[in-house]
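Read the structure below first, then the notes.
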Amino acid sequence: MNQTVPGVQAPAGAPATEAPPVLDIIDLRTEFATPVGPVAAVDGVSFSVRAGETLCVVGESGCGKSVTALSILRLVASPPGRIAGGKILFGGRDILALSETEMEALRGNEIGMIFQEPMTSLNPLYTVGKQIAEAIALHQGVDRAQAMERAIDMLRRVSIPDPERRAHSYPHQLSGGMRQRVMIAMALSCSPKVLIADEPTTALDVTIQAQILDLIRDQQDRLGTAVLLVTHDMGVVAENADRVVVMYAGRKVEEAPVAELFNNPAHPYTRGLLGSLPRLDEAAHAGAQRPRLTEIKGMVPSLLKMPQGCRFAPRCPMADAHCRQATPPLSEHRRADHLVACWHAGAGAEGMAA
């Protein structure tokens, strides 16, 4: 997959921002119990996604991306985890107020999810066709024979060769790319309104990555699905996102349309993520004197010991005393749809525009 990002453009056919959101996350807070008290893995995160739109949530490992995704479907293990506050609105209903029976009707039917590792998400004791058919029969009210026919059709749609035979295969008999296709087929089998994809291309080679993302886009175009794509790969973001949310240490630090974020990154953390990408255009002209990639020094802080003030301050080259004492609020930067939480938003960004 091409990792260059110059000239990032807004995706063609991006949905109108005036359309009401299908999924609206408001001030979400998810905590985990520890021997020293509760810690927040997701701390006051808000965003929304609309029909036909792809919203990417990005950040390093440990920033709260996957916990946010799992919280939406109330799949955070309890104990030790619990959703401590906020709202998750889907079709006007607060998911956090639904009963477990209502959630079972929602999961996989109206909101589908592609998990990060298909080998641990698929049941090794059942064939992949039976697992897809089970979800179809449960949510669509069809008999087993019809459900299996639709399961085979879904395998065909995600380009698995010889789907009639592969439907009777067990997960361990398939390659990593095929298992991920099965996960996509299962997630899309009931034509959900929202698809959550948690690192769907992790550990796959670049050719399979591109095929998997093309499959998601194709299904999105066909069904008008809203896609929430969780990733740490900024190349994937550049090629697939309409809008981007950048998370750090459990909080949202920046949000913007994809072209705006890549061309005018405002938060030092976002600029660090973009600076770590190899630039093929620069490498082609630099020859043997290729520039060193930018690194973000330090580590994401422990949930048990968050720094005072801005959580990125210990790693930020622009941090001052004010940054270390006061938490910056999310505020508009340059335009209404570009939000950033930084006391020095945009400072030092010269040369970052592609």
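FYI, nothing fancy with the structure tokens labels: chains A, B, ... in order, residues from 1 per chain, ligands from 1 as they appear.
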
List every residue of region 116-201 of chain A that has an atom at most 9 Å from any atom of region 107-110 of chain A, giving for each one its closest atom pair and the distance in Å to one decimal, counting only C-alpha atoms, sorted by chain and then by ascending residue number, as a tab-separated table.
residue	atom	partner	partner_atom	distance
A:Ala135	CA	A:Gly108	CA	7.2
A:Ile136	CA	A:Asn109	CA	8.4
A:His139	CA	A:Asn109	CA	6.1
A:Gln140	CA	A:Asn109	CA	8.3
A:Met186	CA	A:Gly108	CA	8.0
A:Ala187	CA	A:Gly108	CA	6.2
A:Leu188	CA	A:Gly108	CA	8.0
A:Ser189	CA	A:Asn109	CA	8.1
A:Cys190	CA	A:Asn109	CA	5.3
A:Ser191	CA	A:Asn109	CA	7.1
A:Pro192	CA	A:Glu110	CA	4.2
A:Lys193	CA	A:Glu110	CA	5.4
A:Val194	CA	A:Glu110	CA	6.6
A:Leu195	CA	A:Glu110	CA	8.6

Those same residues - all heavy atoms - I'd like them written as an mmCIF file, in the first residue's frame.
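Wrote part-v3.cif, looks like this:
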data_model
loop_
_atom_site.group_PDB
_atom_site.id
_atom_site.type_symbol
_atom_site.label_atom_id
_atom_site.label_comp_id
_atom_site.auth_asym_id
_atom_site.auth_seq_id
_atom_site.Cartn_x
_atom_site.Cartn_y
_atom_site.Cartn_z
ATOM 1 N N ALA A 135 -25.663 -16.060 12.614
ATOM 2 C CA ALA A 135 -25.999 -14.652 12.811
ATOM 3 C C ALA A 135 -27.177 -14.241 11.933
ATOM 4 O O ALA A 135 -28.066 -13.496 12.367
ATOM 5 C CB ALA A 135 -24.780 -13.781 12.505
ATOM 6 N N ILE A 136 -27.205 -14.744 10.694
ATOM 7 C CA ILE A 136 -28.300 -14.415 9.777
ATOM 8 C C ILE A 136 -29.618 -14.979 10.289
ATOM 9 O O ILE A 136 -30.644 -14.307 10.309
ATOM 10 C CB ILE A 136 -27.981 -14.935 8.362
ATOM 11 C CG1 ILE A 136 -26.768 -14.206 7.786
ATOM 12 C CG2 ILE A 136 -29.192 -14.774 7.447
ATOM 13 C CD1 ILE A 136 -26.247 -14.787 6.488
ATOM 14 N N HIS A 139 -30.905 -12.965 13.438
ATOM 15 C CA HIS A 139 -31.386 -11.591 13.263
ATOM 16 C C HIS A 139 -32.411 -11.423 12.148
ATOM 17 O O HIS A 139 -33.214 -10.490 12.177
ATOM 18 C CB HIS A 139 -30.207 -10.651 13.009
ATOM 19 C CG HIS A 139 -29.282 -10.524 14.174
ATOM 20 N ND1 HIS A 139 -29.687 -10.035 15.390
ATOM 21 C CD2 HIS A 139 -27.957 -10.824 14.291
ATOM 22 C CE1 HIS A 139 -28.651 -10.028 16.230
ATOM 23 N NE2 HIS A 139 -27.598 -10.497 15.583
ATOM 24 N N GLN A 140 -32.382 -12.307 11.143
ATOM 25 C CA GLN A 140 -33.237 -12.119 9.981
ATOM 26 C C GLN A 140 -34.458 -13.036 9.967
ATOM 27 O O GLN A 140 -35.310 -12.908 9.093
ATOM 28 C CB GLN A 140 -32.419 -12.332 8.704
ATOM 29 C CG GLN A 140 -31.220 -11.404 8.584
ATOM 30 C CD GLN A 140 -31.622 -9.942 8.459
ATOM 31 O OE1 GLN A 140 -32.392 -9.581 7.581
ATOM 32 N NE2 GLN A 140 -31.094 -9.100 9.345
ATOM 33 N N MET A 186 -19.348 -11.799 7.849
ATOM 34 C CA MET A 186 -20.204 -11.939 9.022
ATOM 35 C C MET A 186 -20.716 -10.580 9.484
ATOM 36 O O MET A 186 -21.900 -10.422 9.808
ATOM 37 C CB MET A 186 -19.429 -12.622 10.145
ATOM 38 C CG MET A 186 -20.266 -12.950 11.370
ATOM 39 S SD MET A 186 -19.290 -13.752 12.665
ATOM 40 C CE MET A 186 -18.773 -15.241 11.806
ATOM 41 N N ALA A 187 -19.810 -9.588 9.509
ATOM 42 C CA ALA A 187 -20.198 -8.258 9.981
ATOM 43 C C ALA A 187 -21.223 -7.598 9.069
ATOM 44 O O ALA A 187 -22.065 -6.824 9.522
ATOM 45 C CB ALA A 187 -18.959 -7.370 10.107
ATOM 46 N N LEU A 188 -21.163 -7.921 7.761
ATOM 47 C CA LEU A 188 -22.056 -7.285 6.799
ATOM 48 C C LEU A 188 -23.258 -8.151 6.420
ATOM 49 O O LEU A 188 -24.094 -7.725 5.625
ATOM 50 C CB LEU A 188 -21.273 -6.938 5.530
ATOM 51 C CG LEU A 188 -20.193 -5.865 5.684
ATOM 52 C CD1 LEU A 188 -19.375 -5.760 4.408
ATOM 53 C CD2 LEU A 188 -20.786 -4.516 6.049
ATOM 54 N N SER A 189 -23.348 -9.346 6.986
ATOM 55 C CA SER A 189 -24.375 -10.300 6.565
ATOM 56 C C SER A 189 -25.800 -9.810 6.801
ATOM 57 O O SER A 189 -26.721 -10.233 6.099
ATOM 58 C CB SER A 189 -24.173 -11.638 7.284
ATOM 59 O OG SER A 189 -24.286 -11.480 8.692
ATOM 60 N N CYS A 190 -25.990 -8.918 7.773
ATOM 61 C CA CYS A 190 -27.331 -8.403 8.065
ATOM 62 C C CYS A 190 -27.502 -6.957 7.607
ATOM 63 O O CYS A 190 -28.418 -6.257 8.069
ATOM 64 C CB CYS A 190 -27.630 -8.534 9.554
ATOM 65 S SG CYS A 190 -27.673 -10.233 10.139
ATOM 66 N N SER A 191 -26.605 -6.498 6.725
ATOM 67 C CA SER A 191 -26.658 -5.128 6.181
ATOM 68 C C SER A 191 -26.759 -4.076 7.286
ATOM 69 O O SER A 191 -27.730 -3.319 7.364
ATOM 70 C CB SER A 191 -27.839 -4.986 5.212
ATOM 71 O OG SER A 191 -27.744 -5.911 4.162
ATOM 72 N N PRO A 192 -25.763 -4.011 8.185
ATOM 73 C CA PRO A 192 -25.838 -3.070 9.305
ATOM 74 C C PRO A 192 -25.762 -1.627 8.840
ATOM 75 O O PRO A 192 -25.209 -1.325 7.778
ATOM 76 C CB PRO A 192 -24.607 -3.429 10.149
ATOM 77 C CG PRO A 192 -23.634 -3.970 9.146
ATOM 78 C CD PRO A 192 -24.478 -4.719 8.156
ATOM 79 N N LYS A 193 -26.309 -0.733 9.648
ATOM 80 C CA LYS A 193 -26.229 0.691 9.357
ATOM 81 C C LYS A 193 -24.860 1.257 9.715
ATOM 82 O O LYS A 193 -24.425 2.261 9.146
ATOM 83 C CB LYS A 193 -27.325 1.433 10.124
ATOM 84 C CG LYS A 193 -28.741 1.075 9.690
ATOM 85 C CD LYS A 193 -29.777 1.818 10.507
ATOM 86 C CE LYS A 193 -31.192 1.429 10.085
ATOM 87 N NZ LYS A 193 -32.220 2.115 10.928
ATOM 88 N N VAL A 194 -24.208 0.626 10.698
ATOM 89 C CA VAL A 194 -22.881 1.060 11.137
ATOM 90 C C VAL A 194 -21.953 -0.148 11.143
ATOM 91 O O VAL A 194 -22.328 -1.229 11.624
ATOM 92 C CB VAL A 194 -22.919 1.691 12.547
ATOM 93 C CG1 VAL A 194 -21.500 2.035 13.024
ATOM 94 C CG2 VAL A 194 -23.797 2.931 12.565
ATOM 95 N N LEU A 195 -20.736 0.025 10.603
ATOM 96 C CA LEU A 195 -19.710 -1.011 10.644
ATOM 97 C C LEU A 195 -18.518 -0.464 11.420
ATOM 98 O O LEU A 195 -17.949 0.565 11.050
ATOM 99 C CB LEU A 195 -19.277 -1.419 9.246
ATOM 100 C CG LEU A 195 -18.124 -2.426 9.175
ATOM 101 C CD1 LEU A 195 -18.547 -3.772 9.764
ATOM 102 C CD2 LEU A 195 -17.637 -2.596 7.737
#

inquiry  = Residues near Ala249 (chain A), anyone? I mean within 8 Å using only C-alpha atoms, not counting same-chain ones fewer than 5 positions away, as a PyMOL selection string.
reply    = chain A and resi 41-42+62-64+300-301+303+311

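The spacing separating CA of Ser78 (chain A) from CA of Ala33 (chain A) amounts to 9.4 Å.
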
task = Just give me the gap between CA of Ala266 (chain A) and CA of Pro317 (chain A) in Å, one decimal is fine.
result =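 Rounded to one decimal, the two atoms are 14.0 Å apart.
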
inquiry  = I need the residues of region 86-244 of chain A that end up classed as strand (DSSP E or B) by DSSP on the backbone, written out as an MDAnalysis selection string.
reply    = chainID A and resid 86:90 93:94 107 111:114 194:198 226:231 243:244

query = In Å to one decimal, how far is CA of Glu100 (chain A) from CA of Asp43 (chain A)?
reply = 24.0 Å

Which of A:Ala51, A:Met183, A:Ala167, A:Val36 sits closest to Tyr126 (chain A) [using only C-alpha atoms] =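 Closest to Tyr126 (chain A) of all the choices is A:Ala167.
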
inquiry  = Nearest residue to Val258 (chain A) out of A:Ser46, A:Gln180, A:Thr54, A:Ser169, using only C-alpha atoms?
reply    = A:Thr54

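Minimum atom-to-atom distance to Leu229 (chain A), evaluated using only C-alpha atoms, belongs to A:Ile216 out of A:Ile216, A:Leu75, A:Val206, A:Met103.
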
request  = May I have all residues of region 158-272 of chain A that DSSP, computed from the backbone, assigns to helix (DSSP H, G or I), given as a PyMOL selection string?
outcome  = chain A and resi 163-166+171-173+176-188+206-223+234-240+258-263+268-272

Limited to C-alpha atoms, could you put the picked residues into a file as an mmCIF file, in the first residue's frame?
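And here's selection-v8.cif as it stands now:
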data_model
loop_
_atom_site.group_PDB
_atom_site.id
_atom_site.type_symbol
_atom_site.label_atom_id
_atom_site.label_comp_id
_atom_site.auth_asym_id
_atom_site.auth_seq_id
_atom_site.Cartn_x
_atom_site.Cartn_y
_atom_site.Cartn_z
ATOM 1 C CA PRO A 163 -17.513 -20.218 -1.488
ATOM 2 C CA GLU A 164 -19.679 -23.363 -1.460
ATOM 3 C CA ARG A 165 -16.653 -25.412 -0.388
ATOM 4 C CA ARG A 166 -15.058 -22.779 1.842
ATOM 5 C CA PRO A 171 -11.078 -21.118 10.654
ATOM 6 C CA HIS A 172 -7.679 -22.842 10.993
ATOM 7 C CA GLN A 173 -8.011 -24.139 7.430
ATOM 8 C CA GLY A 176 -5.211 -14.853 7.536
ATOM 9 C CA GLY A 177 -6.597 -12.849 4.619
ATOM 10 C CA MET A 178 -9.469 -15.295 4.106
ATOM 11 C CA ARG A 179 -10.309 -15.295 7.821
ATOM 12 C CA GLN A 180 -10.515 -11.519 7.731
ATOM 13 C CA ARG A 181 -12.819 -11.742 4.699
ATOM 14 C CA VAL A 182 -15.015 -14.134 6.692
ATOM 15 C CA MET A 183 -15.162 -11.559 9.497
ATOM 16 C CA ILE A 184 -16.234 -8.910 6.972
ATOM 17 C CA ALA A 185 -18.866 -11.268 5.528
ATOM 18 C CA MET A 186 -20.204 -11.939 9.022
ATOM 19 C CA ALA A 187 -20.198 -8.258 9.981
ATOM 20 C CA LEU A 188 -22.056 -7.285 6.799
ATOM 21 C CA VAL A 206 0.075 -4.867 1.915
ATOM 22 C CA THR A 207 -1.649 -6.608 -1.005
ATOM 23 C CA ILE A 208 -4.218 -8.251 1.278
ATOM 24 C CA GLN A 209 -4.592 -4.956 3.194
ATOM 25 C CA ALA A 210 -5.613 -3.187 0.008
ATOM 26 C CA GLN A 211 -8.061 -5.959 -0.920
ATOM 27 C CA ILE A 212 -9.699 -5.923 2.535
ATOM 28 C CA LEU A 213 -10.131 -2.131 2.501
ATOM 29 C CA ASP A 214 -11.505 -2.269 -1.050
ATOM 30 C CA LEU A 215 -14.068 -4.818 0.132
ATOM 31 C CA ILE A 216 -15.193 -2.541 2.954
ATOM 32 C CA ARG A 217 -15.491 0.419 0.573
ATOM 33 C CA ASP A 218 -17.430 -1.647 -1.944
ATOM 34 C CA GLN A 219 -19.931 -2.787 0.672
ATOM 35 C CA GLN A 220 -20.174 0.756 2.018
ATOM 36 C CA ASP A 221 -20.981 2.126 -1.433
ATOM 37 C CA ARG A 222 -23.570 -0.599 -1.997
ATOM 38 C CA LEU A 223 -25.312 -0.322 1.383
ATOM 39 C CA MET A 234 -1.858 6.941 8.667
ATOM 40 C CA GLY A 235 -1.464 5.611 5.114
ATOM 41 C CA VAL A 236 -4.760 3.740 5.548
ATOM 42 C CA VAL A 237 -6.298 6.941 6.915
ATOM 43 C CA ALA A 238 -5.150 9.014 3.929
ATOM 44 C CA GLU A 239 -6.715 6.591 1.461
ATOM 45 C CA ASN A 240 -9.974 5.805 3.225
ATOM 46 C CA VAL A 258 -8.966 14.140 6.166
ATOM 47 C CA ALA A 259 -7.514 16.656 3.689
ATOM 48 C CA GLU A 260 -7.520 19.409 6.330
ATOM 49 C CA LEU A 261 -5.816 17.175 8.891
ATOM 50 C CA PHE A 262 -3.023 16.082 6.548
ATOM 51 C CA ASN A 263 -2.447 19.515 5.025
ATOM 52 C CA PRO A 268 2.001 18.462 17.904
ATOM 53 C CA TYR A 269 1.007 14.823 18.377
ATOM 54 C CA THR A 270 -0.762 14.719 15.005
ATOM 55 C CA ARG A 271 2.275 16.295 13.362
ATOM 56 C CA GLY A 272 4.441 13.658 15.018
#

query = When distances are computed from only C-alpha atoms, which of A:Cys323, A:Met299, A:Ala226, A:Val245 shows the smallest separation from Ala345 (chain A)?
reply = A:Cys323
